[in-house]
>>> print(open('structure.txt').read())   # compact mmCIF, C-alpha atoms (C1' of nucleotides)
# COMPACT_ATOMS: atom_id res chain seq x y z
CA MET A 30 -13.89 0.93 -11.56
CA PRO A 31 -14.46 -2.73 -10.85
CA ASP A 32 -14.73 -3.06 -7.17
CA VAL A 33 -16.15 -0.18 -5.23
CA GLN A 34 -15.56 -1.43 -1.70
CA GLY A 35 -13.48 -4.47 -2.53
CA GLY A 36 -9.90 -5.25 -1.69
CA GLU A 37 -7.99 -3.16 -4.18
CA ASN A 38 -9.71 0.06 -3.32
CA LEU A 39 -8.85 -0.25 0.30
CA LEU A 40 -5.26 0.38 -0.61
CA PHE A 41 -5.78 4.07 -1.16
CA LEU A 42 -8.40 4.46 1.51
CA THR A 43 -6.19 3.53 4.40
CA ASP A 44 -5.87 6.15 7.08
CA GLU A 45 -2.26 6.55 6.09
CA GLN A 46 -3.12 7.29 2.47
CA LEU A 47 -5.83 9.70 3.50
CA ARG A 48 -3.46 11.44 5.87
CA GLN A 49 -0.98 11.90 3.06
CA GLY A 50 -3.71 13.48 0.97
CA ILE A 51 -4.52 15.84 3.82
CA GLU A 52 -0.91 16.87 4.18
CA ALA A 53 -0.57 17.28 0.43
CA MET A 54 -3.53 19.69 0.49
CA PHE A 55 -1.95 21.61 3.34
CA PHE A 56 1.46 22.03 1.74
CA ALA A 57 0.09 22.61 -1.75
CA TYR A 58 -2.19 25.37 -0.54
CA ARG A 59 0.82 27.14 0.90
CA GLY A 60 2.39 27.05 -2.56
CA PHE A 61 -0.87 28.08 -4.13
CA THR A 62 -0.99 31.32 -2.14
CA ALA A 63 2.75 31.98 -1.93
CA ASP A 64 3.15 34.09 -5.08
CA PRO A 65 0.07 36.28 -4.55
CA ASP A 66 1.09 36.76 -0.93
CA ARG A 67 4.53 37.91 -1.95
CA ILE A 68 3.09 40.51 -4.31
CA LEU A 69 0.42 41.67 -1.87
CA ALA A 70 2.93 41.99 0.95
CA THR A 71 4.67 44.81 -0.92
CA MET A 72 1.43 46.80 -0.91
CA ASP A 73 -1.17 47.53 1.72
CA TYR A 74 -3.25 44.54 0.70
CA GLY A 75 -3.76 41.01 1.94
CA ARG A 76 -5.34 37.79 0.82
CA ALA A 77 -8.82 39.11 1.46
CA HIS A 78 -8.28 41.89 -1.10
CA HIS A 79 -7.01 39.39 -3.60
CA ARG A 80 -10.08 37.22 -3.25
CA ALA A 81 -12.39 40.18 -3.77
CA LEU A 82 -10.43 41.33 -6.81
CA HIS A 83 -10.43 37.85 -8.25
CA PHE A 84 -14.16 37.30 -8.10
CA ILE A 85 -15.04 40.81 -9.23
CA ALA A 86 -12.73 40.33 -12.19
CA ARG A 87 -14.37 37.02 -12.84
CA SER A 88 -17.95 38.24 -12.68
CA PRO A 89 -17.95 41.98 -13.37
CA GLY A 90 -21.06 43.68 -12.06
CA THR A 91 -21.53 41.13 -9.30
CA THR A 92 -23.36 42.39 -6.21
CA VAL A 93 -22.09 42.59 -2.66
CA ASN A 94 -24.52 39.91 -1.55
CA ASN A 95 -23.36 37.57 -4.27
CA LEU A 96 -19.76 38.10 -3.27
CA LEU A 97 -20.62 37.39 0.36
CA GLY A 98 -21.96 34.01 -0.65
CA ILE A 99 -18.88 33.18 -2.67
CA LEU A 100 -16.34 34.28 -0.10
CA GLY A 101 -18.16 33.04 2.98
CA VAL A 102 -17.43 36.03 5.20
CA THR A 103 -19.62 38.57 6.95
CA LYS A 104 -20.69 41.75 5.22
CA GLN A 105 -18.73 43.77 7.78
CA SER A 106 -15.56 41.94 6.94
CA LEU A 107 -16.09 42.20 3.20
CA ASN A 108 -17.14 45.82 3.51
CA ARG A 109 -13.88 46.76 5.15
CA VAL A 110 -11.97 45.23 2.26
CA LEU A 111 -14.21 46.71 -0.45
CA ARG A 112 -14.06 50.15 1.12
CA THR A 113 -10.29 50.32 0.87
CA LEU A 114 -10.35 48.97 -2.68
CA ILE A 115 -12.91 51.61 -3.67
CA GLU A 116 -11.05 54.40 -1.85
CA ASN A 117 -7.85 53.41 -3.60
CA GLY A 118 -9.59 53.43 -6.97
CA LEU A 119 -9.26 49.74 -7.76
CA VAL A 120 -12.97 48.93 -7.60
CA GLU A 121 -15.99 50.88 -8.72
CA SER A 122 -19.35 50.45 -7.00
CA ARG A 123 -22.37 51.40 -9.12
CA ILE A 124 -25.92 51.55 -7.86
CA GLY A 125 -27.97 48.77 -9.36
CA ALA A 126 -30.00 49.54 -12.47
CA THR A 127 -33.04 47.39 -11.77
CA ASP A 128 -32.76 47.20 -7.98
CA LYS A 129 -31.29 50.41 -6.66
CA ARG A 130 -30.48 48.86 -3.29
CA GLU A 131 -27.84 46.71 -4.88
CA ARG A 132 -24.32 47.75 -5.74
CA ASN A 133 -22.72 46.37 -8.86
CA LEU A 134 -18.97 45.99 -8.50
CA PHE A 135 -16.42 46.49 -11.26
CA LEU A 136 -12.67 46.72 -11.45
CA THR A 137 -11.23 50.02 -12.60
CA GLU A 138 -8.28 50.13 -14.96
CA ASP A 139 -5.93 50.06 -11.97
CA GLY A 140 -7.92 47.22 -10.43
CA VAL A 141 -7.62 45.19 -13.61
CA ALA A 142 -3.89 45.83 -13.67
CA LEU A 143 -3.33 44.63 -10.12
CA GLU A 144 -5.61 41.64 -10.48
CA ARG A 145 -3.77 40.66 -13.63
CA LYS A 146 -0.39 41.00 -12.00
CA ILE A 147 -1.39 38.74 -9.14
CA SER A 148 -3.27 36.18 -11.14
CA ASP A 149 -0.48 35.98 -13.71
CA ALA A 150 1.81 34.83 -10.94
CA GLN A 151 -0.73 32.37 -9.61
CA ARG A 152 -1.52 30.98 -13.03
CA ALA A 153 2.17 30.58 -13.77
CA ARG A 154 2.51 28.25 -10.82
CA MET A 155 -0.63 26.37 -11.75
CA ARG A 156 0.57 26.05 -15.33
CA ALA A 157 3.91 24.68 -14.19
CA ALA A 158 2.18 22.17 -11.92
CA TYR A 159 -0.19 21.10 -14.70
CA ARG A 160 2.68 20.68 -17.14
CA ALA A 161 4.68 18.66 -14.67
CA ALA A 162 1.78 16.37 -13.82
CA GLY A 163 0.28 15.96 -17.28
CA PRO A 164 -3.26 16.13 -18.66
CA GLU A 165 -4.63 12.99 -17.06
CA ALA A 166 -3.41 14.00 -13.64
CA VAL A 167 -5.06 17.37 -14.11
CA ALA A 168 -8.40 15.76 -14.83
CA GLY A 169 -8.11 13.70 -11.66
CA PHE A 170 -7.01 16.70 -9.66
CA ARG A 171 -10.13 18.59 -10.70
CA GLN A 172 -12.40 15.63 -9.98
CA VAL A 173 -11.13 15.17 -6.45
CA LEU A 174 -11.30 18.88 -5.68
CA GLU A 175 -14.88 19.08 -6.89
CA ALA A 176 -15.83 16.09 -4.79
CA MET A 177 -14.25 17.73 -1.76
CA MET A 178 -16.32 20.92 -1.96
CA GLU A 179 -19.34 21.58 0.19
CA PRO A 180 -22.38 21.04 -2.06
CA GLU A 181 -23.44 24.66 -1.88
CA LEU A 182 -20.01 25.88 -2.90
CA ARG A 183 -19.82 23.31 -5.66
CA LYS A 184 -22.91 24.84 -7.20
CA MET A 185 -21.32 28.27 -7.05
CA TYR A 186 -18.18 26.91 -8.61
CA TYR A 187 -20.17 25.54 -11.52
CA ARG A 188 -22.14 28.73 -11.88
CA ILE A 189 -19.03 30.90 -11.96
CA ARG A 190 -17.42 28.53 -14.40
CA GLU A 191 -20.30 28.92 -16.80
CA ASN A 192 -20.15 32.70 -16.68
CA GLY A 193 -16.47 32.40 -17.49
CA ALA A 194 -14.91 33.45 -20.75
CA MET B 20 1.19 30.64 -29.69
CA PRO B 21 0.02 27.68 -31.66
CA ASP B 22 1.89 24.68 -30.53
CA VAL B 23 4.09 24.83 -27.49
CA GLN B 24 3.99 21.20 -26.48
CA GLY B 25 1.66 19.84 -29.12
CA GLY B 26 -1.95 20.69 -29.71
CA GLU B 27 -3.74 18.68 -27.08
CA ASN B 28 -1.87 20.16 -24.16
CA LEU B 29 -2.98 23.68 -24.95
CA LEU B 30 -6.53 22.76 -24.12
CA PHE B 31 -5.92 22.67 -20.41
CA LEU B 32 -3.33 25.38 -20.27
CA THR B 33 -5.55 28.23 -21.36
CA ASP B 34 -5.93 31.03 -18.86
CA GLU B 35 -9.54 30.03 -18.46
CA GLN B 36 -8.65 26.45 -17.56
CA LEU B 37 -6.00 27.60 -15.14
CA ARG B 38 -8.44 30.03 -13.56
CA GLN B 39 -10.89 27.19 -13.02
CA GLY B 40 -8.17 25.22 -11.32
CA ILE B 41 -7.44 28.16 -9.06
CA GLU B 42 -11.08 28.50 -8.12
CA ALA B 43 -11.37 24.76 -7.56
CA MET B 44 -8.48 24.97 -5.09
CA PHE B 45 -10.14 27.86 -3.32
CA PHE B 46 -13.53 26.21 -2.92
CA ALA B 47 -12.11 22.77 -2.16
CA TYR B 48 -9.90 24.14 0.59
CA ARG B 49 -12.97 25.58 2.23
CA GLY B 50 -14.48 22.09 2.26
CA PHE B 51 -11.20 20.62 3.43
CA THR B 52 -11.18 22.74 6.59
CA ALA B 53 -14.93 22.88 7.18
CA ASP B 54 -15.29 19.81 9.41
CA PRO B 55 -12.28 20.48 11.64
CA ASP B 56 -13.38 24.10 11.98
CA ARG B 57 -16.81 23.02 13.10
CA ILE B 58 -15.36 20.79 15.82
CA LEU B 59 -12.78 23.34 16.93
CA ALA B 60 -15.37 26.10 17.11
CA THR B 61 -17.11 24.26 19.96
CA MET B 62 -13.89 24.44 21.99
CA ASP B 63 -11.36 27.13 22.70
CA TYR B 64 -9.20 26.07 19.79
CA GLY B 65 -8.65 27.21 16.23
CA ARG B 66 -7.00 26.02 13.07
CA ALA B 67 -3.55 26.78 14.41
CA HIS B 68 -4.08 24.34 17.27
CA HIS B 69 -5.26 21.69 14.86
CA ARG B 70 -2.16 22.06 12.70
CA ALA B 71 0.11 21.70 15.72
CA LEU B 72 -1.78 18.64 16.96
CA HIS B 73 -1.69 17.07 13.53
CA PHE B 74 2.05 17.31 13.02
CA ILE B 75 2.91 16.35 16.57
CA ALA B 76 0.69 13.30 16.18
CA ARG B 77 2.39 12.56 12.91
CA SER B 78 5.96 12.86 14.18
CA PRO B 79 5.94 12.33 17.93
CA GLY B 80 8.98 13.82 19.61
CA THR B 81 9.41 16.50 16.97
CA THR B 82 11.13 19.67 18.12
CA VAL B 83 9.73 23.17 18.21
CA ASN B 84 12.16 24.26 15.53
CA ASN B 85 11.15 21.44 13.27
CA LEU B 86 7.50 22.34 13.71
CA LEU B 87 8.26 25.97 12.90
CA GLY B 88 9.67 24.91 9.56
CA ILE B 89 6.67 22.76 8.76
CA LEU B 90 4.04 25.29 9.76
CA GLY B 91 5.79 28.37 8.45
CA VAL B 92 4.96 30.69 11.33
CA THR B 93 7.07 32.58 13.85
CA LYS B 94 8.16 30.95 17.09
CA GLN B 95 6.12 33.51 19.04
CA SER B 96 2.99 32.56 17.21
CA LEU B 97 3.59 28.85 17.56
CA ASN B 98 4.60 29.28 21.17
CA ARG B 99 1.28 30.85 22.07
CA VAL B 100 -0.54 27.89 20.56
CA LEU B 101 1.75 25.30 22.15
CA ARG B 102 1.50 26.96 25.54
CA THR B 103 -2.28 26.62 25.65
CA LEU B 104 -2.08 23.03 24.44
CA ILE B 105 0.47 22.22 27.14
CA GLU B 106 -1.48 24.07 29.84
CA ASN B 107 -4.62 22.18 28.87
CA GLY B 108 -2.79 18.88 29.03
CA LEU B 109 -3.02 17.96 25.36
CA VAL B 110 0.67 18.22 24.60
CA GLU B 111 3.72 17.27 26.62
CA SER B 112 7.02 19.07 26.16
CA ARG B 113 10.06 17.08 27.21
CA ILE B 114 13.56 18.48 27.38
CA GLY B 115 15.73 16.94 24.68
CA ALA B 116 17.88 13.97 25.60
CA THR B 117 20.93 14.70 23.49
CA ASP B 118 20.49 18.47 23.22
CA LYS B 119 18.82 19.81 26.32
CA ARG B 120 17.98 23.11 24.62
CA GLU B 121 15.47 21.36 22.47
CA ARG B 122 11.98 20.41 23.46
CA ASN B 123 10.49 17.19 22.18
CA LEU B 124 6.75 17.38 21.75
CA PHE B 125 4.29 14.57 22.33
CA LEU B 126 0.52 14.26 22.52
CA THR B 127 -0.93 13.19 25.83
CA GLU B 128 -3.83 10.77 25.98
CA ASP B 129 -6.24 13.68 25.78
CA GLY B 130 -4.28 15.18 22.92
CA VAL B 131 -4.46 11.93 21.01
CA ALA B 132 -8.20 11.81 21.59
CA LEU B 133 -8.84 15.29 20.26
CA GLU B 134 -6.51 14.87 17.32
CA ARG B 135 -8.25 11.67 16.42
CA LYS B 136 -11.68 13.22 16.65
CA ILE B 137 -10.73 16.04 14.32
CA SER B 138 -8.76 13.99 11.86
CA ASP B 139 -11.50 11.35 11.71
CA ALA B 140 -13.83 14.02 10.41
CA GLN B 141 -11.30 15.32 7.94
CA ARG B 142 -10.42 11.86 6.71
CA ALA B 143 -14.08 11.04 6.26
CA ARG B 144 -14.45 13.88 3.80
CA MET B 145 -11.26 12.95 2.03
CA ARG B 146 -12.39 9.35 1.84
CA ALA B 147 -15.73 10.36 0.34
CA ALA B 148 -14.01 12.55 -2.23
CA TYR B 149 -11.58 9.79 -3.13
CA ARG B 150 -14.39 7.29 -3.51
CA ALA B 151 -16.40 9.65 -5.67
CA ALA B 152 -13.47 10.45 -7.94
CA GLY B 153 -11.90 7.01 -8.18
CA PRO B 154 -8.34 5.71 -7.87
CA GLU B 155 -6.93 7.18 -11.05
CA ALA B 156 -8.24 10.61 -10.21
CA VAL B 157 -6.63 10.31 -6.79
CA ALA B 158 -3.25 9.60 -8.31
CA GLY B 159 -3.56 12.67 -10.50
CA PHE B 160 -4.74 14.78 -7.60
CA ARG B 161 -1.64 13.88 -5.63
CA GLN B 162 0.67 14.51 -8.57
CA VAL B 163 -0.65 18.00 -9.20
CA LEU B 164 -0.56 18.92 -5.51
CA GLU B 165 3.03 17.79 -5.20
CA ALA B 166 4.00 19.79 -8.27
CA MET B 167 2.33 22.85 -6.76
CA MET B 168 4.34 22.84 -3.53
CA GLU B 169 7.32 25.06 -2.89
CA PRO B 170 10.42 22.86 -3.29
CA GLU B 171 11.42 23.21 0.33
CA LEU B 172 7.98 22.16 1.53
CA ARG B 173 7.89 19.32 -0.93
CA LYS B 174 11.00 17.90 0.72
CA MET B 175 9.32 18.16 4.11
CA TYR B 176 6.24 16.47 2.75
CA TYR B 177 8.31 13.54 1.52
CA ARG B 178 10.24 13.36 4.74
CA ILE B 179 7.10 13.29 6.87
CA ARG B 180 5.56 10.72 4.56
CA GLU B 181 8.48 8.39 5.09
CA ASN B 182 8.28 8.63 8.85
CA GLY B 183 4.62 7.77 8.54
CA ALA B 184 3.08 4.56 9.75
C1' DC C 26 37.26 27.81 31.28
C1' DT C 27 35.33 31.32 29.03
C1' DT C 28 32.70 33.05 25.57
C1' DG C 29 29.93 33.17 21.33
C1' DG C 30 26.12 31.49 19.21
C1' DA C 31 21.98 28.53 18.97
C1' DA C 32 17.49 27.00 20.74
C1' DT C 33 13.93 28.23 23.39
C1' DG C 34 10.77 31.03 26.07
C1' DT C 35 8.52 35.31 27.23
C1' DC C 36 6.87 40.16 27.21
C1' DA C 37 4.92 43.97 24.72
C1' DA C 38 2.85 46.00 20.91
C1' DC C 39 0.72 45.75 16.71
C1' DA C 40 -1.88 44.28 12.22
C1' DA C 41 -4.96 41.58 9.28
C1' DA C 42 -9.06 39.62 8.91
C1' DG C 43 -12.39 37.19 10.75
C1' DC C 44 -16.69 37.59 14.14
C1' DT C 45 -21.30 39.58 16.70
C1' DG C 46 -24.56 43.04 17.72
C1' DA C 47 -26.84 47.21 16.85
C1' DC C 48 -28.53 50.65 14.03
C1' DA C 49 -29.44 53.64 9.68
C1' DT C 50 -30.96 54.16 5.03
C1' DA C 51 -33.16 53.25 0.99
C1' DA C 52 -35.74 50.49 -2.06
C1' DT C 53 -38.65 46.60 -3.01
C1' DG C 54 -42.68 44.02 -2.90
C1' DT C 55 -46.95 42.60 -0.84
C1' DA D 16 -48.73 51.30 4.64
C1' DC D 17 -45.54 47.98 6.15
C1' DA D 18 -42.38 44.18 6.43
C1' DT D 19 -38.40 42.67 4.18
C1' DT D 20 -34.12 43.06 1.75
C1' DA D 21 -29.55 45.01 0.47
C1' DT D 22 -26.20 47.67 1.91
C1' DG D 23 -23.28 50.45 4.90
C1' DT D 24 -21.30 51.65 9.27
C1' DC D 25 -19.93 51.87 14.24
C1' DA D 26 -18.05 49.57 18.20
C1' DG D 27 -15.88 45.88 20.25
C1' DC D 28 -13.91 41.30 20.36
C1' DT D 29 -11.03 37.00 18.81
C1' DT D 30 -7.59 34.42 16.38
C1' DT D 31 -3.49 34.23 14.39
C1' DG D 32 -0.09 36.19 12.33
C1' DT D 33 3.91 39.86 12.71
C1' DT D 34 8.50 42.62 15.05
C1' DG D 35 11.52 43.76 18.47
C1' DA D 36 13.72 43.12 22.80
C1' DC D 37 15.52 40.42 26.24
C1' DA D 38 16.48 36.21 29.47
C1' DT D 39 17.86 31.55 29.95
C1' DT D 40 20.10 27.50 28.94
C1' DC D 41 23.39 24.91 26.85
C1' DC D 42 26.71 23.28 23.22
C1' DA D 43 31.01 23.92 21.18
C1' DA D 44 35.09 26.34 19.80
C1' DG D 45 38.88 28.91 21.15
>>> encode(input="structure.txt", output="structure tokens")
Amino acid sequence: MPDVQGGENLLFLTDEQLRQGIEAMFFAYRGFTADPDRILATMDYGRAHHRALHFIARSPGTTVNNLLGILGVTKQSLNRVLRTLIENGLVESRIGATDKRERNLFLTEDGVALERKISDAQRARMRAAYRAAGPEAVAGFRQVLEAMMEPELRKMYYRIRENGA
Amino acid sequence: MPDVQGGENLLFLTDEQLRQGIEAMFFAYRGFTADPDRILATMDYGRAHHRALHFIARSPGTTVNNLLGILGVTKQSLNRVLRTLIENGLVESRIGATDKRERNLFLTEDGVALERKISDAQRARMRAAYRAAGPEAVAGFRQVLEAMMEPELRKMYYRIRENGA
DNA sequence: CTTGGAATGTCAACAAAGCTGACATAATGT
DNA sequence: ACATTATGTCAGCTTTGTTGACATTCCAAG
């Protein structure tokens, strides 16, 4: 990158270009959530349930507190969602082994099944977008998204990624 | 499934890679809305008001129906938001010239001021992310986002972009 | 000119999912 | 022993979405 603040770079840093990026994020996010929303709408669940399922699936045994940090909601709000998931037998809450105040969260068989169904749909869209845009575009996509995150959330993102399969 | 499109492509189409993309979208969107949310929280407005202001600013004179299509909410929901914006003197609703059933929406001076304040903050974050990632990454970012949109919304995105300054 | 349909607005009721504040319980750690 | 932490829960509120019903206004077709 030859010219950090110089003439050429200004081309994609005009307000108009930035505005297009903002609108692209807005419309793309609608697509991003469209398939999960469609599936969830047929059940008694919403986006909040999906998010909980996703991150429990991703880090089995995670604690409530940990999940609060990831999702950025209050414990009351998360608790309402977790309670229904536990009541409906999609999530299991086990008392912590080392610290008995904590609850370790796991998906049950049914929970795994639903999470898979939803994330299959979401991954299918992502896969199609990645294929259409090509590998280099994907790398750029990831770079910009990471740069856009709040620093604290970026750390979480990296941490979760390292846990990952 | 050894070789769908040729070896290299499989690397970023694994479920794990797709999952990381999904999580990147989730965390990045939080960053994307963080600054506007902070500004709006100090007033009586929320994200819905911001979205209305943004697209009215973008396409002055747009109709209610047009806005409904862009935002993807019900007219009742949008109407509640528009009513407060009109009452507070941020938006002006003029009866259509050719079709008097329609309302053409415009920002007032105050509306322009608030929209600018919010979008300045949002553009600043976008600008920082673009700078950090570099021009090639930005191109890829945009390509993947466009590929991720629902076809109908992609058309709107293009249409709005062409109106743009 | 009348009438059907479209665009808009409004009222009422409701749901999802966020929030704050307050309080209880149990376990940890100093 | 005591303060702190992790969690759960109750009550009440806000924002933003939803349906359904109904009025108004106006264009356009018969």
>>> interface_residues(input="structure.txt", of="chain D", to="chain A", cutoff="9 Å", atoms="all atoms listed in the file", output="list in words")
DT20, DA21, DT22, DG23 and DT24 of chain D
>>> atom_distance(input="structure.txt", atom1="CA of Thr43 in chain A", atom2="CA of Arg144 in chain B")
13.3 Å
>>> residues_around(input="structure.txt", residues="Met145 in chain B", least_positions_apart="5", cutoff="9 Å", atoms="only C-alpha atoms (C1' of nucleotides)", output="JSON, numbers by chain")
{"A": [42, 47, 48, 50, 51, 173, 176, 177], "B": [51, 140, 150]}
>>> write_last_selection(input="structure.txt", atoms="C-alpha atoms", output="PDB file, in the coordinates of the input")
ATOM      1  CA  LEU A  42      -8.400   4.460   1.510  1.00  0.00           C
ATOM      2  CA  LEU A  47      -5.830   9.700   3.500  1.00  0.00           C
ATOM      3  CA  ARG A  48      -3.460  11.440   5.870  1.00  0.00           C
ATOM      4  CA  GLY A  50      -3.710  13.480   0.970  1.00  0.00           C
ATOM      5  CA  ILE A  51      -4.520  15.840   3.820  1.00  0.00           C
ATOM      6  CA  VAL A 173     -11.130  15.170  -6.450  1.00  0.00           C
ATOM      7  CA  ALA A 176     -15.830  16.090  -4.790  1.00  0.00           C
ATOM      8  CA  MET A 177     -14.250  17.730  -1.760  1.00  0.00           C
TER       9      MET A 177
ATOM     10  CA  PHE B  51     -11.200  20.620   3.430  1.00  0.00           C
ATOM     11  CA  ALA B 140     -13.830  14.020  10.410  1.00  0.00           C
ATOM     12  CA  ARG B 150     -14.390   7.290  -3.510  1.00  0.00           C
TER      13      ARG B 150
END
>>> calpha_fit_rmsd(input="structure.txt", fixed="chain B", moving="chain A")
2.0 Å
>>> closest_residue(input="structure.txt", among="B:Lys136, B:Arg57, B:His68, B:His73", to="chain A", atoms="all atoms listed in the file")
B:His73
>>> interface_residues(input="structure.txt", of="chain A", to="chain B", cutoff="8 Å", atoms="all atoms listed in the file", output="MDAnalysis selection string")
chainID A and resid 30 33 38 41:42 44:45 47:54 56:61 151:152 154:159 161:162 164:179 182:183 186 190 193:194
>>> closest_residue(input="structure.txt", among="C:DT33, C:DT45, C:DT55, C:DT50", to="chain B", atoms="all atoms listed in the file")
C:DT33
>>> residues_around(input="structure.txt", residues="range 33-43 of chain D", least_positions_apart="2", cutoff="9 Å", atoms="all atoms listed in the file", output="list in words")
Thr93, Ser96, Asp118, Lys119 and Arg120 of chain B; DA31, DA32, DT33, DG34, DT35, DC36, DA38, DC39 and DA40 of chain C
>>> interface_residues(input="structure.txt", of="chain C", to="chain A", cutoff="10 Å", atoms="all atoms listed in the file", output="mmCIF file with C-alpha atoms (C1' of nucleotides), keeping the file's coordinate frame")
data_model
loop_
_atom_site.group_PDB
_atom_site.id
_atom_site.type_symbol
_atom_site.label_atom_id
_atom_site.label_comp_id
_atom_site.auth_asym_id
_atom_site.auth_seq_id
_atom_site.Cartn_x
_atom_site.Cartn_y
_atom_site.Cartn_z
ATOM 1 C "C1'" DA C 41 -4.960 41.580 9.280
ATOM 2 C "C1'" DA C 42 -9.060 39.620 8.910
ATOM 3 C "C1'" DG C 43 -12.390 37.190 10.750
ATOM 4 C "C1'" DC C 44 -16.690 37.590 14.140
ATOM 5 C "C1'" DT C 45 -21.300 39.580 16.700
ATOM 6 C "C1'" DT C 50 -30.960 54.160 5.030
ATOM 7 C "C1'" DA C 51 -33.160 53.250 0.990
ATOM 8 C "C1'" DA C 52 -35.740 50.490 -2.060
ATOM 9 C "C1'" DT C 53 -38.650 46.600 -3.010
#
>>> atom_distance(input="structure.txt", atom1="CA of Ser122 in chain A", atom2="CA of Thr91 in chain A")
9.8 Å
>>> atom_distance(input="structure.txt", atom1="CA of Gly90 in chain A", atom2="CA of Met72 in chain A")
25.3 Å
>>> closest_residue(input="structure.txt", among="A:Gly98, A:Ile147, A:Thr137, A:Asp64", to="His79 in chain A", atoms="only C-alpha atoms")
A:Ile147
>>> axis_aligned_box(input="structure.txt", around="range 138-153 of chain B", padding_each_side="5 Å", output="JSON")
{"center_x": -12.6, "center_y": 11.2, "center_z": 1.8, "size_x": 17.6, "size_y": 18.3, "size_z": 30.0}
>>> decode(input="structure.txt", residues="range 47-63 of chain A", atoms="N, CA and C atoms", output="compact mmCIF listing (two decimals), in the first residue's frame")
# COMPACT_ATOMS: atom_id res chain seq x y z
N LEU A 47 -18.03 5.66 1.63
CA LEU A 47 -18.27 5.14 2.98
C LEU A 47 -19.75 4.86 3.19
N ARG A 48 -20.56 5.76 2.66
CA ARG A 48 -22.01 5.59 2.77
C ARG A 48 -22.45 4.31 2.06
N GLN A 49 -21.86 4.03 0.94
CA GLN A 49 -22.20 2.79 0.23
C GLN A 49 -21.82 1.57 1.06
N GLY A 50 -20.68 1.66 1.73
CA GLY A 50 -20.27 0.56 2.61
C GLY A 50 -21.26 0.37 3.74
N ILE A 51 -21.73 1.48 4.30
CA ILE A 51 -22.71 1.41 5.38
C ILE A 51 -24.00 0.75 4.90
N GLU A 52 -24.46 1.16 3.74
CA GLU A 52 -25.69 0.57 3.21
C GLU A 52 -25.49 -0.90 2.86
N ALA A 53 -24.31 -1.22 2.36
CA ALA A 53 -24.03 -2.63 2.05
C ALA A 53 -24.11 -3.47 3.32
N MET A 54 -23.56 -2.97 4.41
CA MET A 54 -23.63 -3.69 5.69
C MET A 54 -25.09 -3.87 6.10
N PHE A 55 -25.86 -2.82 5.95
CA PHE A 55 -27.27 -2.88 6.35
C PHE A 55 -28.03 -3.95 5.57
N PHE A 56 -27.93 -3.89 4.25
CA PHE A 56 -28.68 -4.83 3.42
C PHE A 56 -28.13 -6.25 3.55
N ALA A 57 -26.82 -6.36 3.66
CA ALA A 57 -26.24 -7.70 3.76
C ALA A 57 -26.64 -8.37 5.07
N TYR A 58 -26.74 -7.58 6.13
CA TYR A 58 -27.09 -8.17 7.42
C TYR A 58 -28.51 -8.73 7.38
N ARG A 59 -29.36 -8.05 6.63
CA ARG A 59 -30.72 -8.56 6.45
C ARG A 59 -30.68 -9.94 5.79
N GLY A 60 -29.83 -10.08 4.78
CA GLY A 60 -29.69 -11.38 4.13
C GLY A 60 -29.10 -12.41 5.07
N PHE A 61 -28.14 -11.96 5.82
CA PHE A 61 -27.42 -12.82 6.77
C PHE A 61 -28.37 -13.47 7.78
N THR A 62 -29.38 -12.74 8.20
CA THR A 62 -30.29 -13.26 9.22
C THR A 62 -31.59 -13.81 8.62
N ALA A 63 -31.77 -13.66 7.32
CA ALA A 63 -33.05 -14.01 6.71
C ALA A 63 -33.39 -15.49 6.86
